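Everything below concerns the one structure shown next.
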There are 2 protein chains.
Amino acid sequence: MDSTFVVGIDVGGQTSKIGVVDARGTVLAQTVIRTDTYDKVEPYIAELAEAVNKLIKESGTEGKVRGIGVGAPNGNYYTGTIENAPNLLWGRERVEFSKLLSEAMGGLPVALTNDANAAAVGEMTYGAARGMKNFIMITLGTGVGSGIVINGEVVYGHDGFAGELGHTAAVRNNGRTCGCGKTGCLETYASATGVARTAREWLELTDEPSLLRGLDSIASKDVYEAAKEGDKLALKIFEFTGKILGRSFADFVAFSSPEAIVLFGGLARAKEFLTEPIENSLNENVLPLWKGKVKIVYSQLKESDAAILGASALAWEL
Amino acid sequence: MDSTFVVGIDVGGQTSKIGVVDARGTVLAQTVIRTDTYDKVEPYIAELAEAVNKLIKESGTEGKVRGIGVGAPNGNYYTGTIENAPNLLWGRERVEFSKLLSEAMGGLPVALTNDANAAAVGEMTYGAARGMKNFIMITLGTGVGSGIVINGEVVYGHDGFAGELGHTAAVRNNGRTCGCGKTGCLETYASATGVARTAREWLELTDEPSLLRGLDSIASKDVYEAAKEGDKLALKIFEFTGKILGRSFADFVAFSSPEAIVLFGGLARAKEFLTEPIENSLNENVLPLWKGKVKIVYSQLKESDAAILGASALAWEL
């Protein structure tokens, strides 16, 4: 039997994206189902399996699919379970995700991990980290996620939950409150929501004129648009964000001495405003031996395909 | 040929300790030579090789030694070199240590790493981390060193220099100046010298009565002795030190999710005063999923043997 395709599934809070992928990272076919219309996992899995089977049929890869890789919030590689996932209606209790999906797919093997780890595997398999054995993937989205690769392998840690760099301390005293219950977490500053928070905070604290003033609500996209028009406050917000990121990166470098830090996610689109402050702050805060040596690079995966590709890449290791 | 012994060498600034070790971690014979009487590496290596050969002969293990493991400041596992080691007179330039020693030993294989990584391997092979696949070794000595083990392997990183957790930011603003050129590094607070520094700082800033007042110079040992006699200031110093360590550990846990953090070194002797504040601070600063789950344990290697054992353990992997 010729088994040269994999399926990648990116489970998000609202939708789940499914794709059939070949060994070169081409998404042959893709589809989407709703995640948020189910509050029990069984009917969700049933619809998911149906959609996967249909997609395999449509793409002409029947009998040639080697396995399924899934990236999902709080997905645990070791146990194949999802638990305590606040954004998944059916994932607040412990769910035997891999087992259920594999059964529904007639025994096809399923590998599961969290979205940031999946992104790291995707980047290593098809993207900016090809050929790298040691790098750290940082996803700058609604939150800050991370996938750490050491010696060519994702770090899962003792319990499968390693790589929560968004919840390391960016600010130790009087830091912002984080959804996790702690304060000062990196993600309260350096995520898309963190950037919007900085904007709202600074607009209130200063009188500085800015295109952002008077907007009903501010998202990171608005800050980005304003920065592109040369808005000084918006530019300063990105500089501040880059500085926070760079000094946290310096601590990550002291841990695993990566060849590169790979940035991905909505906020990474603002690279023209982020790269320089990140690099400056990283090089200021790192031991002399690493100054100027750690690359800051950006995901090379097509954004619409990246989540599927990352998840699918897991399945090659099955 | 029956090859069931290894040699461990701990290269320190002043002396180099050498031991012949069996598979169970018994040091069969040991000796010491001076490190600091040489400013060139060649004559040092010549004396070292002579001492190793003599020790092998004396311990009756001729022809049965499998290899030599060396722990040395700035020792690089990948390249077998020592470079920029400020405390080694002959190690300020780049020195091909493993190659030179192996040649002087008639081709016997040599593995080199830094002292903290060697300590981690020692603890995993013979000590408190036996059976653990994921742990972090923290050495609390003159400085703070670290050896990180993930999936049963020491993390060397892209360039061989990973695991410099003593130089992560314990304090981000107005932190103490560190020998590395940065400020706020963990080792400026949580090493033996850091504890003495805290004592001197607090004695100056407050009028609080303390047994430490009036001492000519203060070392961490004095703080420990005072704490044992119930001195309130000394107890507060350990509480502060433990708090700083615990919150840094929380960030390390977010990185690699270790089963345990293993403490070693002179300052670790004060465990009766450190464990509780470390654990409290760790659990306060870690994500809910890790609360109460990460063990703080102490080295189980006999202190006089530990450095040799750690280095020797490297040689089993040759």
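Within each chain, counting starts at residue 1; across the structure tokens, chains are named A, B, ... in the order shown, with ligands numbered 1 upward in that order.
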(request) Please provide the set of residues having any atom within 10 Å of Glu284 in chain A, restricted to only C-alpha atoms, with same-chain residues fewer than 2 positions apart removed, written as a ChimeraX atom specification. (result) /A:243,246-247,250,278-282,286-288,291-292 /B:182
Just to be explicit: take each residue in the selection above, keep N, CA, C and O atoms, and write the result as an mmCIF file, in the first residue's frame.
data_model
loop_
_atom_site.group_PDB
_atom_site.id
_atom_site.type_symbol
_atom_site.label_atom_id
_atom_site.label_comp_id
_atom_site.auth_asym_id
_atom_site.auth_seq_id
_atom_site.Cartn_x
_atom_site.Cartn_y
_atom_site.Cartn_z
ATOM 1 N N LYS A 243 10.437 45.549 22.569
ATOM 2 C CA LYS A 243 11.382 45.558 23.681
ATOM 3 C C LYS A 243 11.022 44.485 24.713
ATOM 4 O O LYS A 243 11.891 43.739 25.193
ATOM 5 N N GLY A 246 11.859 41.096 23.136
ATOM 6 C CA GLY A 246 13.301 40.844 23.029
ATOM 7 C C GLY A 246 13.933 40.468 24.351
ATOM 8 O O GLY A 246 14.765 39.562 24.413
ATOM 9 N N ARG A 247 13.524 41.121 25.412
ATOM 10 C CA ARG A 247 14.170 40.772 26.685
ATOM 11 C C ARG A 247 13.679 39.430 27.216
ATOM 12 O O ARG A 247 14.436 38.702 27.852
ATOM 13 N N ALA A 250 15.657 36.882 25.347
ATOM 14 C CA ALA A 250 17.018 36.728 25.876
ATOM 15 C C ALA A 250 17.053 35.617 26.932
ATOM 16 O O ALA A 250 17.990 34.818 26.978
ATOM 17 N N ILE A 278 12.864 44.246 18.639
ATOM 18 C CA ILE A 278 13.098 42.907 19.217
ATOM 19 C C ILE A 278 14.585 42.600 19.205
ATOM 20 O O ILE A 278 15.169 42.198 20.211
ATOM 21 N N GLU A 279 15.222 42.800 18.042
ATOM 22 C CA GLU A 279 16.647 42.458 17.931
ATOM 23 C C GLU A 279 17.494 43.298 18.878
ATOM 24 O O GLU A 279 18.406 42.784 19.536
ATOM 25 N N ASN A 280 17.195 44.583 18.955
ATOM 26 C CA ASN A 280 17.974 45.441 19.859
ATOM 27 C C ASN A 280 17.841 44.979 21.295
ATOM 28 O O ASN A 280 18.830 44.876 22.024
ATOM 29 N N SER A 281 16.631 44.734 21.704
ATOM 30 C CA SER A 281 16.382 44.360 23.089
ATOM 31 C C SER A 281 16.960 42.968 23.388
ATOM 32 O O SER A 281 17.551 42.740 24.452
ATOM 33 N N LEU A 282 16.829 42.046 22.441
ATOM 34 C CA LEU A 282 17.431 40.716 22.606
ATOM 35 C C LEU A 282 18.934 40.841 22.809
ATOM 36 O O LEU A 282 19.508 40.295 23.749
ATOM 37 N N VAL A 286 21.136 39.659 26.311
ATOM 38 C CA VAL A 286 21.645 38.303 26.187
ATOM 39 C C VAL A 286 23.119 38.285 26.616
ATOM 40 O O VAL A 286 23.775 39.324 26.620
ATOM 41 N N LEU A 287 23.648 37.136 27.031
ATOM 42 C CA LEU A 287 25.070 37.052 27.366
ATOM 43 C C LEU A 287 25.909 37.406 26.137
ATOM 44 O O LEU A 287 25.494 37.137 25.010
ATOM 45 N N PRO A 288 27.096 37.978 26.360
ATOM 46 C CA PRO A 288 27.942 38.396 25.240
ATOM 47 C C PRO A 288 28.114 37.311 24.158
ATOM 48 O O PRO A 288 28.106 37.614 22.968
ATOM 49 N N LYS A 291 25.425 37.600 21.482
ATOM 50 C CA LYS A 291 25.082 38.893 20.872
ATOM 51 C C LYS A 291 25.174 38.811 19.343
ATOM 52 O O LYS A 291 26.196 38.414 18.806
ATOM 53 N N GLY A 292 24.111 39.193 18.675
ATOM 54 C CA GLY A 292 24.110 39.209 17.210
ATOM 55 C C GLY A 292 24.064 37.832 16.574
ATOM 56 O O GLY A 292 24.163 37.700 15.353
ATOM 57 N N LYS B 182 25.593 42.197 32.455
ATOM 58 C CA LYS B 182 24.174 42.535 32.501
ATOM 59 C C LYS B 182 23.786 42.941 33.919
ATOM 60 O O LYS B 182 24.625 42.978 34.825
#
(request) Compute the set of chain A residues within 6 Å of chain B, using only C-alpha atoms, and express it as a PyMOL selection string. (result) chain A and resi 134+157-158+162-165+168+251+254-259
Next, write the just-selected residues to a file, as an mmCIF file, in the first residue's frame, keeping all heavy atoms as the atom set.
data_model
loop_
_atom_site.group_PDB
_atom_site.id
_atom_site.type_symbol
_atom_site.label_atom_id
_atom_site.label_comp_id
_atom_site.auth_asym_id
_atom_site.auth_seq_id
_atom_site.Cartn_x
_atom_site.Cartn_y
_atom_site.Cartn_z
ATOM 1 N N ASN A 134 17.415 23.294 16.385
ATOM 2 C CA ASN A 134 17.151 24.003 17.640
ATOM 3 C C ASN A 134 16.554 25.373 17.343
ATOM 4 O O ASN A 134 17.248 26.261 16.867
ATOM 5 C CB ASN A 134 18.457 24.190 18.437
ATOM 6 C CG ASN A 134 19.022 22.871 18.931
ATOM 7 O OD1 ASN A 134 18.572 22.343 19.946
ATOM 8 N ND2 ASN A 134 19.985 22.323 18.197
ATOM 9 N N GLY A 157 8.094 17.901 27.625
ATOM 10 C CA GLY A 157 8.293 17.902 29.074
ATOM 11 C C GLY A 157 7.754 16.660 29.742
ATOM 12 O O GLY A 157 7.290 15.721 29.080
ATOM 13 N N HIS A 158 7.809 16.687 31.062
ATOM 14 C CA HIS A 158 7.447 15.534 31.864
ATOM 15 C C HIS A 158 5.987 15.119 31.663
ATOM 16 O O HIS A 158 5.660 13.930 31.674
ATOM 17 C CB HIS A 158 7.695 15.903 33.335
ATOM 18 C CG HIS A 158 7.272 14.863 34.303
ATOM 19 N ND1 HIS A 158 7.724 13.560 34.235
ATOM 20 C CD2 HIS A 158 6.443 14.909 35.378
ATOM 21 C CE1 HIS A 158 7.185 12.862 35.217
ATOM 22 N NE2 HIS A 158 6.409 13.655 35.923
ATOM 23 N N ALA A 162 4.902 21.198 28.254
ATOM 24 C CA ALA A 162 6.011 22.160 28.170
ATOM 25 C C ALA A 162 5.731 23.208 27.089
ATOM 26 O O ALA A 162 4.875 23.010 26.225
ATOM 27 C CB ALA A 162 7.312 21.434 27.877
ATOM 28 N N GLY A 163 6.472 24.315 27.152
ATOM 29 C CA GLY A 163 6.349 25.327 26.113
ATOM 30 C C GLY A 163 5.216 26.293 26.335
ATOM 31 O O GLY A 163 4.428 26.573 25.432
ATOM 32 N N GLU A 164 5.113 26.825 27.545
ATOM 33 C CA GLU A 164 4.085 27.838 27.824
ATOM 34 C C GLU A 164 4.770 29.194 28.023
ATOM 35 O O GLU A 164 4.562 29.869 29.034
ATOM 36 C CB GLU A 164 3.274 27.446 29.062
ATOM 37 C CG GLU A 164 2.277 26.341 28.809
ATOM 38 C CD GLU A 164 1.088 26.777 27.940
ATOM 39 O OE1 GLU A 164 0.962 27.979 27.658
ATOM 40 O OE2 GLU A 164 0.297 25.895 27.548
ATOM 41 N N LEU A 165 5.567 29.591 27.050
ATOM 42 C CA LEU A 165 6.393 30.784 27.238
ATOM 43 C C LEU A 165 5.564 32.069 27.296
ATOM 44 O O LEU A 165 6.043 33.087 27.778
ATOM 45 C CB LEU A 165 7.452 30.870 26.142
ATOM 46 C CG LEU A 165 8.418 29.680 26.132
ATOM 47 C CD1 LEU A 165 9.491 29.866 25.063
ATOM 48 C CD2 LEU A 165 9.080 29.480 27.484
ATOM 49 N N THR A 168 5.429 33.170 30.915
ATOM 50 C CA THR A 168 6.594 33.537 31.716
ATOM 51 C C THR A 168 6.463 35.027 32.053
ATOM 52 O O THR A 168 5.716 35.764 31.408
ATOM 53 C CB THR A 168 7.912 33.282 30.954
ATOM 54 O OG1 THR A 168 7.865 33.983 29.705
ATOM 55 C CG2 THR A 168 8.092 31.790 30.671
ATOM 56 N N ASP A 251 16.020 35.558 27.766
ATOM 57 C CA ASP A 251 15.966 34.493 28.772
ATOM 58 C C ASP A 251 15.732 33.128 28.121
ATOM 59 O O ASP A 251 16.266 32.120 28.566
ATOM 60 C CB ASP A 251 14.876 34.785 29.809
ATOM 61 C CG ASP A 251 15.277 35.912 30.757
ATOM 62 O OD1 ASP A 251 16.469 36.279 30.788
ATOM 63 O OD2 ASP A 251 14.395 36.429 31.474
ATOM 64 N N ALA A 254 19.002 31.881 26.848
ATOM 65 C CA ALA A 254 19.848 31.342 27.923
ATOM 66 C C ALA A 254 19.428 29.925 28.287
ATOM 67 O O ALA A 254 20.221 29.143 28.791
ATOM 68 C CB ALA A 254 19.771 32.236 29.160
ATOM 69 N N PHE A 255 18.192 29.594 28.029
ATOM 70 C CA PHE A 255 17.705 28.251 28.329
ATOM 71 C C PHE A 255 18.193 27.248 27.282
ATOM 72 O O PHE A 255 18.928 26.336 27.592
ATOM 73 C CB PHE A 255 16.180 28.262 28.391
ATOM 74 C CG PHE A 255 15.592 27.101 29.145
ATOM 75 C CD1 PHE A 255 15.122 27.265 30.431
ATOM 76 C CD2 PHE A 255 15.522 25.844 28.576
ATOM 77 C CE1 PHE A 255 14.584 26.188 31.140
ATOM 78 C CE2 PHE A 255 14.996 24.764 29.267
ATOM 79 C CZ PHE A 255 14.520 24.933 30.555
ATOM 80 N N SER A 256 17.803 27.452 26.036
ATOM 81 C CA SER A 256 18.035 26.374 25.063
ATOM 82 C C SER A 256 18.946 26.750 23.909
ATOM 83 O O SER A 256 19.169 25.935 23.027
ATOM 84 C CB SER A 256 16.697 25.888 24.507
ATOM 85 O OG SER A 256 16.105 26.874 23.683
ATOM 86 N N SER A 257 19.511 27.961 23.932
ATOM 87 C CA SER A 257 20.432 28.396 22.875
ATOM 88 C C SER A 257 19.985 27.983 21.474
ATOM 89 O O SER A 257 20.626 27.173 20.809
ATOM 90 C CB SER A 257 21.830 27.850 23.158
ATOM 91 O OG SER A 257 22.749 28.435 22.251
ATOM 92 N N PRO A 258 18.852 28.542 21.024
ATOM 93 C CA PRO A 258 18.339 28.184 19.698
ATOM 94 C C PRO A 258 19.105 28.899 18.578
ATOM 95 O O PRO A 258 19.700 29.948 18.807
ATOM 96 C CB PRO A 258 16.900 28.689 19.745
ATOM 97 C CG PRO A 258 16.954 29.877 20.664
ATOM 98 C CD PRO A 258 17.998 29.547 21.700
ATOM 99 N N GLU A 259 19.036 28.312 17.403
ATOM 100 C CA GLU A 259 19.603 28.966 16.217
ATOM 101 C C GLU A 259 18.750 30.171 15.832
ATOM 102 O O GLU A 259 19.264 31.191 15.393
ATOM 103 C CB GLU A 259 19.623 27.943 15.069
ATOM 104 C CG GLU A 259 20.175 28.462 13.768
ATOM 105 C CD GLU A 259 20.287 27.360 12.720
ATOM 106 O OE1 GLU A 259 20.060 26.172 13.051
ATOM 107 O OE2 GLU A 259 20.599 27.696 11.560
#
(message) Give me, as a ChimeraX atom specification, all polymer residues having an atom no more than 7 Å from range 14-21 of chain A, counting only C-alpha atoms and skipping those fewer than 2 positions away in the same chain.
(response) /A:5-12,23,25-36,52,56,308,312
(message) What's around Ser217 in chain B at 10 Å? Count only C-alpha atoms, leave out sequence neighbours fewer than 3 positions away in its own chain, and write the answer as JSON, numbers by chain.
(response) {"B": [196, 200, 212, 213, 214, 222]}
Include all heavy atoms and write out the residues we just selected as a PDB file, in the first residue's frame.
ATOM      1  N   ALA B 196      25.393  36.782  50.279  1.00  0.00           N
ATOM      2  CA  ALA B 196      26.256  37.675  51.067  1.00  0.00           C
ATOM      3  C   ALA B 196      25.986  39.132  50.687  1.00  0.00           C
ATOM      4  O   ALA B 196      25.978  40.034  51.539  1.00  0.00           O
ATOM      5  CB  ALA B 196      27.720  37.315  50.827  1.00  0.00           C
ATOM      6  N   ARG B 200      24.842  42.233  53.119  1.00  0.00           N
ATOM      7  CA  ARG B 200      25.530  43.526  53.234  1.00  0.00           C
ATOM      8  C   ARG B 200      24.593  44.677  52.909  1.00  0.00           C
ATOM      9  O   ARG B 200      24.584  45.704  53.584  1.00  0.00           O
ATOM     10  CB  ARG B 200      26.755  43.555  52.313  1.00  0.00           C
ATOM     11  CG  ARG B 200      27.903  42.687  52.819  1.00  0.00           C
ATOM     12  CD  ARG B 200      29.215  42.960  52.076  1.00  0.00           C
ATOM     13  NE  ARG B 200      29.111  42.615  50.657  1.00  0.00           N
ATOM     14  CZ  ARG B 200      29.413  41.420  50.149  1.00  0.00           C
ATOM     15  NH1 ARG B 200      29.834  40.451  50.940  1.00  0.00           N
ATOM     16  NH2 ARG B 200      29.308  41.170  48.865  1.00  0.00           N
ATOM     17  N   LEU B 212      24.830  39.275  62.366  1.00  0.00           N
ATOM     18  CA  LEU B 212      25.743  39.550  61.253  1.00  0.00           C
ATOM     19  C   LEU B 212      26.412  40.916  61.375  1.00  0.00           C
ATOM     20  O   LEU B 212      27.428  41.179  60.724  1.00  0.00           O
ATOM     21  CB  LEU B 212      24.978  39.490  59.922  1.00  0.00           C
ATOM     22  CG  LEU B 212      24.373  38.123  59.567  1.00  0.00           C
ATOM     23  CD1 LEU B 212      23.396  38.255  58.411  1.00  0.00           C
ATOM     24  CD2 LEU B 212      25.480  37.137  59.218  1.00  0.00           C
ATOM     25  N   ARG B 213      25.831  41.780  62.215  1.00  0.00           N
ATOM     26  CA  ARG B 213      26.417  43.119  62.378  1.00  0.00           C
ATOM     27  C   ARG B 213      27.793  43.017  63.022  1.00  0.00           C
ATOM     28  O   ARG B 213      28.001  42.242  63.944  1.00  0.00           O
ATOM     29  CB  ARG B 213      25.522  43.982  63.265  1.00  0.00           C
ATOM     30  CG  ARG B 213      24.471  44.671  62.445  1.00  0.00           C
ATOM     31  CD  ARG B 213      23.733  45.768  63.138  1.00  0.00           C
ATOM     32  NE  ARG B 213      22.483  45.932  62.426  1.00  0.00           N
ATOM     33  CZ  ARG B 213      22.394  46.539  61.225  1.00  0.00           C
ATOM     34  NH1 ARG B 213      23.443  47.070  60.644  1.00  0.00           N
ATOM     35  NH2 ARG B 213      21.233  46.617  60.608  1.00  0.00           N
ATOM     36  N   GLY B 214      28.721  43.797  62.516  1.00  0.00           N
ATOM     37  CA  GLY B 214      30.023  43.846  63.146  1.00  0.00           C
ATOM     38  C   GLY B 214      31.009  42.814  62.601  1.00  0.00           C
ATOM     39  O   GLY B 214      32.188  42.862  62.912  1.00  0.00           O
ATOM     40  N   ASP B 222      28.208  32.606  56.850  1.00  0.00           N
ATOM     41  CA  ASP B 222      27.871  33.372  58.055  1.00  0.00           C
ATOM     42  C   ASP B 222      26.366  33.569  58.171  1.00  0.00           C
ATOM     43  O   ASP B 222      25.797  33.498  59.255  1.00  0.00           O
ATOM     44  CB  ASP B 222      28.556  34.744  58.026  1.00  0.00           C
ATOM     45  CG  ASP B 222      30.070  34.622  57.919  1.00  0.00           C
ATOM     46  OD1 ASP B 222      30.650  33.813  58.686  1.00  0.00           O
ATOM     47  OD2 ASP B 222      30.670  35.300  57.065  1.00  0.00           O
TER      48      ASP B 222
END
(message) Using DSSP assignments from the backbone, pull out every residue in range 108-234 of chain A that falls under alpha helix (DSSP H) and give it to me as a count of residues only.
(response) 42
